[in-house]
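First comes the structure, then the notes that go with it.
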Amino acid sequence: MTDAQETAADSSLRTTGGAPPDDGGSSDAGAPTPLLEPREGIPPVIADADALVQVATALAAGSGPVAVDAERASGYRYGQRAYLVQLRREGAGTALIDPAACPDLSGLGQALSGVEWVLHAATQDLPCLREIGMTPTALFDTELAGRLAGFPRVGLGAMVEGVLGFVLEKGHSAVDWSTRPLPEPWLRYAALDVELLVDLRDALEKELDRQGKLEWALQEFDAIASAPPPEPRKDPWRRTSGMHKVRRRRQLAVVRELWQARDRIAQRRDVSPGKVLPDAAIVQAALSTPANVHALAALNGFGHRMGRRQLEQWQAAVDRALALDDSELPQSGQPVTGPPPPRAWADKDPAAAARLAAAKAAVSALAERLNMPQENLVAPDAVRRLCWEPPRSVDPESVGAALEGYGARPWQVEQVSPVLAGALSVGRV
């Protein structure tokens with residue numbers, strides 16, 4: 001059993017600060033306590049400017065870190081914007097805020113400037129929080145903390161149960177959070193998501209410190225908080241599910257035209273693109289390249305329930321792709337800016353393939369000793385780049401400099417450079 005697994009099973013780590021009133025928590029590690037109600041009840045949803053000012057003032061006057069969460073309507077609405085924001089801070093209680101009614105939360109973000117935000121899987125929520133004016137200056141990510149500490153399951157429910165001994169309500173994570181008014185059971189679920197987040201943070205901080213990994217975690221959290229927003233994805237249509245079946249450039253053009261037409265319609269209607277036209281239908285049309293509406297209607301996804309006008313708009317997209325000059329067709333693959341796919345290394349550069357095999361084995365062994373996932377120890381892309389084009393003089397210092405150039409944090413450089421330097425020496429005379 002690993003240190004982190006022992007910790008998860010040790011009831012001494014479980015805190016009672018997150019327990020509801022008159023509930024001392026679970027003293028038996030095998031019998032977690034269901035957490036059914038927020039300790040102050042379900043707060044009213046903040047949906048006007050005056051109430052927002054009041055809650056911002058209350059949260060600013062609170063003490064300690066602030067727990068933050070956001071609910072989106074993925075699969076229902078276009079984009080990934082937030083439809084509910086939950087916050088909890090000692091001395092202020094829990095607040096539920098409706099960003100649809102209060103789309104500018106920059107004042108709230110400013111009120112919490114300098115306060116540590118506690119999020120679970122921060123990179124999932126930060127983009128939609130930034131859209132409404134909320135950006136942390138410091139954060140603690142409980143999911144990432146769990147990964148670094150070696151917990152085998154790092155979902156919020158699993159972490160709260162394993163560390164604190166409480167069972168969170170399940171079942172509403174994938175609902176349509178754009179629904180108004182939000183049903184009371186959903187609001188209860190949302191409030192409970194931040195009920196114990198700070199307690200979890202405190203327990204994980206102690207565990208990371210015990211394992212000697214707290215400084216590593218703090219570097220990771222700083223990197224997340226200071227990272228700029230990601231660049232828009234190039235050629236997002238290439239992520240259409242089932243694209244591996246599409247080989248010819250003309251067929252790729254059909255995918256592109258249908259994807260772009262669907263995206264425009266989905267954005268205009270504010271619905272998930274998959275509800276407008278499934279990916280499978282786009283791929284089927286690309287493979288078949290129908291010559292007219294009748295041929296299109298015979299394909300899966302373009303069935304009898306689709307009206308003539310809809311069929312015509314999709315056929316128009318197909319026709320645009322079929323009419324393109326060869327020079328306008330998309331390339332079969334995206335331009336490769338880094339090393340080629342590892343499966344091609346043995347043929348292109350056997351020495352590089354040998355270095356990569358040695359590097360993977362070394363990183364895997366080190367990750368096992370440190371009890372954390374390999375991808376958290378060092379980015380796989382950085383390892384591939386190093387193995388494909390190693391420094392001219394291979395030693396821990398040169399490898400460390402290269403890793404820094406690829407964005408590795410100081411703790412990663414310190415841990416990984418020596419083992420990678422050894423791996424990169426494979427085959428050298």
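Every chain in the structure tokens has a letter given in the order shown (A, B, ...), and although residue numbers restart at 1 in each chain, ligands are simply numbered from 1 in the order shown.
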Inset, instruction - Using only C-alpha atoms, determine which residues lie at most 10 Å from Asp176 of chain A, disregarding the query and same-chain residues fewer than 4 positions distant; provide the list as a ChimeraX atom specification. - result: /A:71-77,83,172,180,182
Restrict the calculation to only C-alpha atoms, then for each residue of segment 168-234 of chain A with any atom at most 10 Å from an atom of segment 93-108 of chain A give the closest atom pair and their distance in Å to one decimal, rows by chain and rising residue number, as CSV.
```
residue,atom,partner,partner_atom,distance
A:Ser178,CA,A:Ala100,CA,8.3
A:Arg180,CA,A:Ala100,CA,9.8
A:Leu182,CA,A:Asp98,CA,9.8
A:Leu187,CA,A:Leu96,CA,8.1
A:Ala190,CA,A:Leu96,CA,8.1
A:Ala191,CA,A:Thr94,CA,6.9
A:Leu192,CA,A:Thr94,CA,9.2
A:Val194,CA,A:Thr94,CA,7.8
A:Glu195,CA,A:Thr94,CA,7.6
```
Inset, instruction - Enumerate, as a count of residues only, the complete set of residues in segment 193-333 of chain A that a backbone-based DSSP assignment places in alpha helix (DSSP H). - result: 87
Compile a residue-level contact table for segment 156-264 of chain A against segment 331-335 of chain A at a cut-off of 7 Å, reporting for every qualifying residue the shortest atom pair and its distance in Å to one decimal, with only C-alpha atoms counted, rows ordered by chain and ascending number, as a tab-separated table.
```
residue	atom	partner	partner_atom	distance
A:Arg247	CA	A:Ser332	CA	6.8
A:Arg248	CA	A:Ser332	CA	7.0
A:Arg249	CA	A:Ser332	CA	5.8
```
Proximity check segment 44-159 of chain A to segment 222-225 of chain A, 12 Å, nearest pairs one decimal Å, only C-alpha atoms, as a tab-separated table:
```
residue	atom	partner	partner_atom	distance
A:Gly114	CA	A:Ala225	CA	11.8
A:Glu116	CA	A:Ala225	CA	10.3
A:Trp117	CA	A:Ala225	CA	9.8
A:Val118	CA	A:Ala225	CA	11.4
A:Leu119	CA	A:Ala225	CA	11.3
A:Ala121	CA	A:Ile224	CA	10.6
A:Ala122	CA	A:Ile224	CA	8.0
A:Thr123	CA	A:Ile224	CA	7.4
A:Gln124	CA	A:Ile224	CA	11.2
A:Asp125	CA	A:Ile224	CA	11.7
A:Leu126	CA	A:Ala225	CA	9.0
A:Pro127	CA	A:Ala225	CA	11.5
A:Arg130	CA	A:Ala225	CA	11.4
A:Met134	CA	A:Ala225	CA	11.7
A:Thr135	CA	A:Ala225	CA	8.1
A:Pro136	CA	A:Ala225	CA	6.5
A:Thr137	CA	A:Ala225	CA	6.2
A:Ala138	CA	A:Ala225	CA	6.0
A:Leu139	CA	A:Ala225	CA	6.5
A:Phe140	CA	A:Asp222	CA	8.8
A:Asp141	CA	A:Ile224	CA	9.1
A:Leu144	CA	A:Ile224	CA	10.6
```
Those selected residues, please, written with C-alpha atoms and delivered as a CSV table (one decimal), in the first residue's frame.
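Everything below was put into out.csv:
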```
chain,number,residue,atom,x,y,z
A,114,GLY,CA,-5.3,38.0,-3.4
A,116,GLU,CA,-6.5,31.7,-2.6
A,117,TRP,CA,-9.2,30.0,-4.7
A,118,VAL,CA,-9.7,26.3,-4.1
A,119,LEU,CA,-11.0,24.4,-7.2
A,121,ALA,CA,-9.8,20.2,-11.7
A,122,ALA,CA,-9.1,24.0,-12.1
A,123,THR,CA,-8.2,23.9,-15.8
A,124,GLN,CA,-11.8,22.8,-16.6
A,125,ASP,CA,-13.5,25.7,-14.8
A,126,LEU,CA,-11.0,28.5,-15.3
A,127,PRO,CA,-11.9,29.2,-19.0
A,130,ARG,CA,-12.5,34.0,-17.1
A,134,MET,CA,-13.2,35.9,-12.5
A,135,THR,CA,-9.5,35.0,-12.6
A,136,PRO,CA,-7.6,33.8,-9.5
A,137,THR,CA,-4.3,35.3,-8.5
A,138,ALA,CA,-3.5,32.2,-6.4
A,139,LEU,CA,-5.2,28.7,-6.4
A,140,PHE,CA,-5.1,25.3,-4.9
A,141,ASP,CA,-6.3,22.4,-7.2
A,144,LEU,CA,-4.0,17.9,-9.0
```
